[in-house]
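The structure under discussion appears below in the form of structure tokens.
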Amino acid sequence: MSAKGNTFENDVVLLTFNGTAYSWNANGSLYVSLHTGDLGEAGSQTTSECAFGSYARVAVARNSGGFTVSGDTASNTATISFPECTSGSETVTHVAIGTSSSGAGQIIYKGALTSSRAVSSGITLQFAASALSVTEA
């Protein structure tokens, strides 16, 4: 299974062979989302997305202040912190990086967490600097 969403795979081929820029190329940020299951290659950012109280996607700048790139790997430069859970409970199993702050944003990259995380009232889920990495294989 690919770590990219199908729409992004198509965008890469269009950019490479037709010079067609990504529809979201002007976005200054990408958005990290949390999920309770695998999004699949055809999923969007709303597929199995968390819905606990106060949940919101987190914007990360599309520059060296947001992501450090070394070789074929990009990692978050600073801590990515989601809002504290105020109600409900869920088990987070997957994470995605997409194009939209809300709604059915396009998945750029997605993957399973190395271990699932239970989220309930009072818990703040976060990724420490360099903990969220994408490797282009």
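In the structure tokens, the first chain shown is A, the next is B, and so on; residue numbers restart at 1 for each chain, and ligands run from 1 in the order shown.
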
From a DSSP calculation on the backbone, collect every residue of chain A in alpha helix (DSSP H) and output the set as a ChimeraX atom specification. /A:6-18

Since we have the selection now, will you write its residues out, keeping N, CA and C atoms, as an mmCIF file, in the first residue's frame?
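Written output follows (selection.cif):
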```
data_model
loop_
_atom_site.group_PDB
_atom_site.id
_atom_site.type_symbol
_atom_site.label_atom_id
_atom_site.label_comp_id
_atom_site.auth_asym_id
_atom_site.auth_seq_id
_atom_site.Cartn_x
_atom_site.Cartn_y
_atom_site.Cartn_z
ATOM 1 N N ASN A 6 -4.362 8.603 -3.396
ATOM 2 C CA ASN A 6 -4.465 8.461 -4.859
ATOM 3 C C ASN A 6 -4.448 9.790 -5.589
ATOM 4 N N THR A 7 -5.162 10.792 -5.066
ATOM 5 C CA THR A 7 -5.225 12.091 -5.737
ATOM 6 C C THR A 7 -3.842 12.730 -5.789
ATOM 7 N N PHE A 8 -3.068 12.599 -4.705
ATOM 8 C CA PHE A 8 -1.719 13.158 -4.702
ATOM 9 C C PHE A 8 -0.820 12.408 -5.685
ATOM 10 N N GLU A 9 -0.951 11.084 -5.756
ATOM 11 C CA GLU A 9 -0.166 10.326 -6.739
ATOM 12 C C GLU A 9 -0.444 10.843 -8.149
ATOM 13 N N ASN A 10 -1.700 11.109 -8.454
ATOM 14 C CA ASN A 10 -2.068 11.661 -9.754
ATOM 15 C C ASN A 10 -1.459 13.051 -9.934
ATOM 16 N N ASP A 11 -1.495 13.872 -8.883
ATOM 17 C CA ASP A 11 -0.906 15.214 -8.952
ATOM 18 C C ASP A 11 0.590 15.167 -9.263
ATOM 19 N N VAL A 12 1.295 14.201 -8.664
ATOM 20 C CA VAL A 12 2.736 14.073 -8.897
ATOM 21 C C VAL A 12 3.012 13.734 -10.365
ATOM 22 N N VAL A 13 2.242 12.813 -10.920
ATOM 23 C CA VAL A 13 2.419 12.436 -12.325
ATOM 24 C C VAL A 13 2.104 13.629 -13.233
ATOM 25 N N LEU A 14 1.026 14.363 -12.936
ATOM 26 C CA LEU A 14 0.680 15.549 -13.739
ATOM 27 C C LEU A 14 1.772 16.612 -13.666
ATOM 28 N N LEU A 15 2.315 16.847 -12.476
ATOM 29 C CA LEU A 15 3.385 17.832 -12.319
ATOM 30 C C LEU A 15 4.630 17.400 -13.080
ATOM 31 N N THR A 16 5.005 16.147 -12.925
ATOM 32 C CA THR A 16 6.230 15.640 -13.536
ATOM 33 C C THR A 16 6.169 15.626 -15.058
ATOM 34 N N PHE A 17 5.054 15.151 -15.603
ATOM 35 C CA PHE A 17 4.998 14.926 -17.047
ATOM 36 C C PHE A 17 4.234 15.988 -17.841
ATOM 37 N N ASN A 18 3.391 16.781 -17.165
ATOM 38 C CA ASN A 18 2.651 17.829 -17.862
ATOM 39 C C ASN A 18 2.943 19.218 -17.331
#
```

Nearby residues (only C-alpha atoms) at most 12 Å from region 50-55 of chain A, same-chain spacing under 2 positions excluded, as a PyMOL selection string: chain A and resi 32-39+45-48+57-58+81-96+101-102+117-125

Taking only region 4-111 of chain A into account, list the residues labelled strand (DSSP E or B) by DSSP (computed from the backbone), as a ChimeraX atom specification. /A:4,29-35,49,58-61,67-70,73-76,80-81,89-98,107-111

Can I get the selected residues back with N, CA, C and O atoms, as a compact mmCIF listing (two decimals), in the first residue's frame?
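Once everything was written out, this is again-v7.txt:
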```txt
# COMPACT_ATOMS: atom_id res chain seq x y z
N LYS A 4 0.93 7.48 0.05
CA LYS A 4 0.31 8.67 -0.53
C LYS A 4 -1.15 8.39 -0.84
O LYS A 4 -1.54 7.27 -1.10
N SER A 29 0.36 26.36 4.29
CA SER A 29 0.44 25.33 5.32
C SER A 29 -0.12 24.01 4.80
O SER A 29 -0.90 23.98 3.86
N LEU A 30 0.30 22.94 5.45
CA LEU A 30 -0.34 21.63 5.31
C LEU A 30 -1.00 21.36 6.66
O LEU A 30 -0.66 21.99 7.66
N TYR A 31 -1.93 20.41 6.69
CA TYR A 31 -2.72 20.18 7.90
C TYR A 31 -2.62 18.72 8.34
O TYR A 31 -2.89 17.81 7.57
N VAL A 32 -2.20 18.54 9.59
CA VAL A 32 -2.06 17.21 10.16
C VAL A 32 -3.39 16.83 10.81
O VAL A 32 -3.98 17.61 11.55
N SER A 33 -3.86 15.63 10.47
CA SER A 33 -5.13 15.13 11.01
C SER A 33 -4.92 13.77 11.69
O SER A 33 -4.00 13.04 11.34
N LEU A 34 -5.78 13.47 12.64
CA LEU A 34 -5.73 12.21 13.39
C LEU A 34 -6.91 11.34 12.99
O LEU A 34 -8.01 11.84 12.74
N HIS A 35 -6.68 10.01 12.97
CA HIS A 35 -7.70 9.09 12.47
C HIS A 35 -7.79 7.84 13.34
O HIS A 35 -6.79 7.41 13.92
N GLU A 49 -11.79 10.22 10.55
CA GLU A 49 -11.14 11.31 11.30
C GLU A 49 -11.69 11.37 12.73
O GLU A 49 -12.87 11.14 12.96
N VAL A 58 -4.17 20.43 12.76
CA VAL A 58 -3.11 21.37 13.10
C VAL A 58 -2.37 21.79 11.85
O VAL A 58 -1.91 20.95 11.07
N ALA A 59 -2.27 23.12 11.65
CA ALA A 59 -1.54 23.67 10.50
C ALA A 59 -0.04 23.62 10.76
O ALA A 59 0.42 23.94 11.86
N VAL A 60 0.70 23.21 9.74
CA VAL A 60 2.17 23.22 9.80
C VAL A 60 2.65 23.92 8.53
O VAL A 60 2.25 23.56 7.42
N ALA A 61 3.48 24.93 8.72
CA ALA A 61 3.96 25.73 7.59
C ALA A 61 4.73 24.89 6.59
O ALA A 61 5.48 23.98 6.96
N PHE A 67 8.79 22.08 8.37
CA PHE A 67 9.35 20.76 8.05
C PHE A 67 10.83 20.89 7.71
O PHE A 67 11.23 21.77 6.97
N THR A 68 11.62 19.99 8.25
CA THR A 68 13.02 19.88 7.90
C THR A 68 13.14 18.76 6.88
O THR A 68 12.60 17.68 7.09
N VAL A 69 13.82 19.03 5.78
CA VAL A 69 14.00 18.02 4.75
C VAL A 69 15.47 17.65 4.68
O VAL A 69 16.34 18.50 4.56
N SER A 70 15.73 16.35 4.75
CA SER A 70 17.08 15.83 4.65
C SER A 70 17.04 14.58 3.77
O SER A 70 16.39 13.60 4.14
N THR A 73 13.69 12.44 3.26
CA THR A 73 12.82 12.43 4.44
C THR A 73 12.51 13.85 4.90
O THR A 73 13.39 14.69 4.99
N ALA A 74 11.22 14.09 5.20
CA ALA A 74 10.77 15.34 5.79
C ALA A 74 10.25 15.05 7.19
O ALA A 74 9.54 14.06 7.40
N SER A 75 10.60 15.89 8.15
CA SER A 75 10.16 15.72 9.54
C SER A 75 9.70 17.06 10.08
O SER A 75 10.19 18.12 9.67
N ASN A 76 8.76 17.00 11.04
CA ASN A 76 8.29 18.24 11.66
C ASN A 76 9.43 18.91 12.41
O ASN A 76 10.17 18.26 13.13
N ILE A 80 4.12 19.36 17.25
CA ILE A 80 2.77 19.51 16.71
C ILE A 80 1.83 19.10 17.83
O ILE A 80 1.82 17.94 18.26
N SER A 81 1.05 20.04 18.34
CA SER A 81 0.19 19.79 19.49
C SER A 81 -1.27 19.99 19.11
O SER A 81 -1.66 21.07 18.65
N SER A 89 -14.10 9.95 23.80
CA SER A 89 -12.85 9.20 23.84
C SER A 89 -12.72 8.42 22.54
O SER A 89 -13.72 7.99 21.96
N GLU A 90 -11.50 8.30 22.07
CA GLU A 90 -11.22 7.59 20.82
C GLU A 90 -9.83 6.98 20.91
O GLU A 90 -9.01 7.40 21.71
N THR A 91 -9.58 6.01 20.04
CA THR A 91 -8.25 5.44 19.91
C THR A 91 -7.70 5.87 18.56
O THR A 91 -8.24 5.53 17.52
N VAL A 92 -6.64 6.64 18.60
CA VAL A 92 -6.01 7.16 17.39
C VAL A 92 -5.02 6.12 16.89
O VAL A 92 -4.14 5.67 17.63
N THR A 93 -5.17 5.71 15.62
CA THR A 93 -4.30 4.68 15.05
C THR A 93 -3.51 5.18 13.84
O THR A 93 -2.51 4.57 13.47
N HIS A 94 -3.98 6.27 13.21
CA HIS A 94 -3.36 6.76 11.98
C HIS A 94 -3.26 8.29 12.00
O HIS A 94 -4.00 8.97 12.71
N VAL A 95 -2.36 8.78 11.19
CA VAL A 95 -2.16 10.23 11.02
C VAL A 95 -2.06 10.52 9.54
O VAL A 95 -1.65 9.66 8.75
N ALA A 96 -2.47 11.73 9.15
CA ALA A 96 -2.37 12.12 7.75
C ALA A 96 -1.89 13.56 7.67
O ALA A 96 -2.09 14.36 8.59
N ILE A 97 -1.26 13.86 6.55
CA ILE A 97 -0.90 15.24 6.22
C ILE A 97 -1.67 15.56 4.96
O ILE A 97 -1.56 14.85 3.95
N GLY A 98 -2.48 16.62 5.04
CA GLY A 98 -3.36 16.95 3.92
C GLY A 98 -3.38 18.43 3.62
O GLY A 98 -2.59 19.21 4.15
N ILE A 107 -5.49 14.01 0.84
CA ILE A 107 -4.41 13.38 1.59
C ILE A 107 -3.13 13.46 0.76
O ILE A 107 -3.09 13.02 -0.38
N ILE A 108 -2.09 14.03 1.37
CA ILE A 108 -0.78 14.04 0.73
C ILE A 108 -0.05 12.75 1.14
O ILE A 108 0.33 11.94 0.32
N TYR A 109 0.15 12.59 2.44
CA TYR A 109 0.76 11.38 3.00
C TYR A 109 -0.06 10.92 4.19
O TYR A 109 -0.70 11.73 4.86
N LYS A 110 0.00 9.62 4.46
CA LYS A 110 -0.74 9.04 5.57
C LYS A 110 0.02 7.83 6.09
O LYS A 110 0.88 7.29 5.40
N GLY A 111 -0.29 7.43 7.31
CA GLY A 111 0.34 6.23 7.83
C GLY A 111 -0.16 5.87 9.21
O GLY A 111 -0.83 6.67 9.87
```

Env of Thr77 (chain A): 9 Å cut, atoms = only C-alpha atoms, seq-sep filter 5 positions within chain, self excluded. Answer as an MDAnalysis selection string. chainID A and resid 64:68 128:130

Keeping N, CA and C atoms for every residue in the selection just given, could you write it to a file as a PDB file, in the first residue's frame?
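Written output follows (part34.pdb):
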```
ATOM      1  N   SER A  64      10.918  25.615   5.906  1.00  0.00           N
ATOM      2  CA  SER A  64      11.871  24.973   6.816  1.00  0.00           C
ATOM      3  C   SER A  64      11.519  25.206   8.284  1.00  0.00           C
ATOM      4  N   GLY A  65      10.635  26.148   8.587  1.00  0.00           N
ATOM      5  CA  GLY A  65      10.159  26.341   9.951  1.00  0.00           C
ATOM      6  C   GLY A  65       9.132  25.291  10.345  1.00  0.00           C
ATOM      7  N   GLY A  66       8.486  24.681   9.352  1.00  0.00           N
ATOM      8  CA  GLY A  66       7.480  23.663   9.618  1.00  0.00           C
ATOM      9  C   GLY A  66       8.009  22.256   9.437  1.00  0.00           C
ATOM     10  N   PHE A  67       8.793  22.076   8.368  1.00  0.00           N
ATOM     11  CA  PHE A  67       9.348  20.760   8.049  1.00  0.00           C
ATOM     12  C   PHE A  67      10.831  20.890   7.714  1.00  0.00           C
ATOM     13  N   THR A  68      11.615  19.992   8.254  1.00  0.00           N
ATOM     14  CA  THR A  68      13.023  19.882   7.902  1.00  0.00           C
ATOM     15  C   THR A  68      13.141  18.764   6.882  1.00  0.00           C
ATOM     16  N   ALA A 128       6.370  15.217  19.118  1.00  0.00           N
ATOM     17  CA  ALA A 128       7.568  15.998  19.408  1.00  0.00           C
ATOM     18  C   ALA A 128       8.272  16.345  18.106  1.00  0.00           C
ATOM     19  N   ALA A 129       9.144  17.338  18.151  1.00  0.00           N
ATOM     20  CA  ALA A 129       9.936  17.708  16.964  1.00  0.00           C
ATOM     21  C   ALA A 129      10.619  16.471  16.418  1.00  0.00           C
ATOM     22  N   SER A 130      10.569  16.282  15.118  1.00  0.00           N
ATOM     23  CA  SER A 130      11.171  15.171  14.377  1.00  0.00           C
ATOM     24  C   SER A 130      10.462  13.832  14.573  1.00  0.00           C
TER      25      SER A 130
END
```
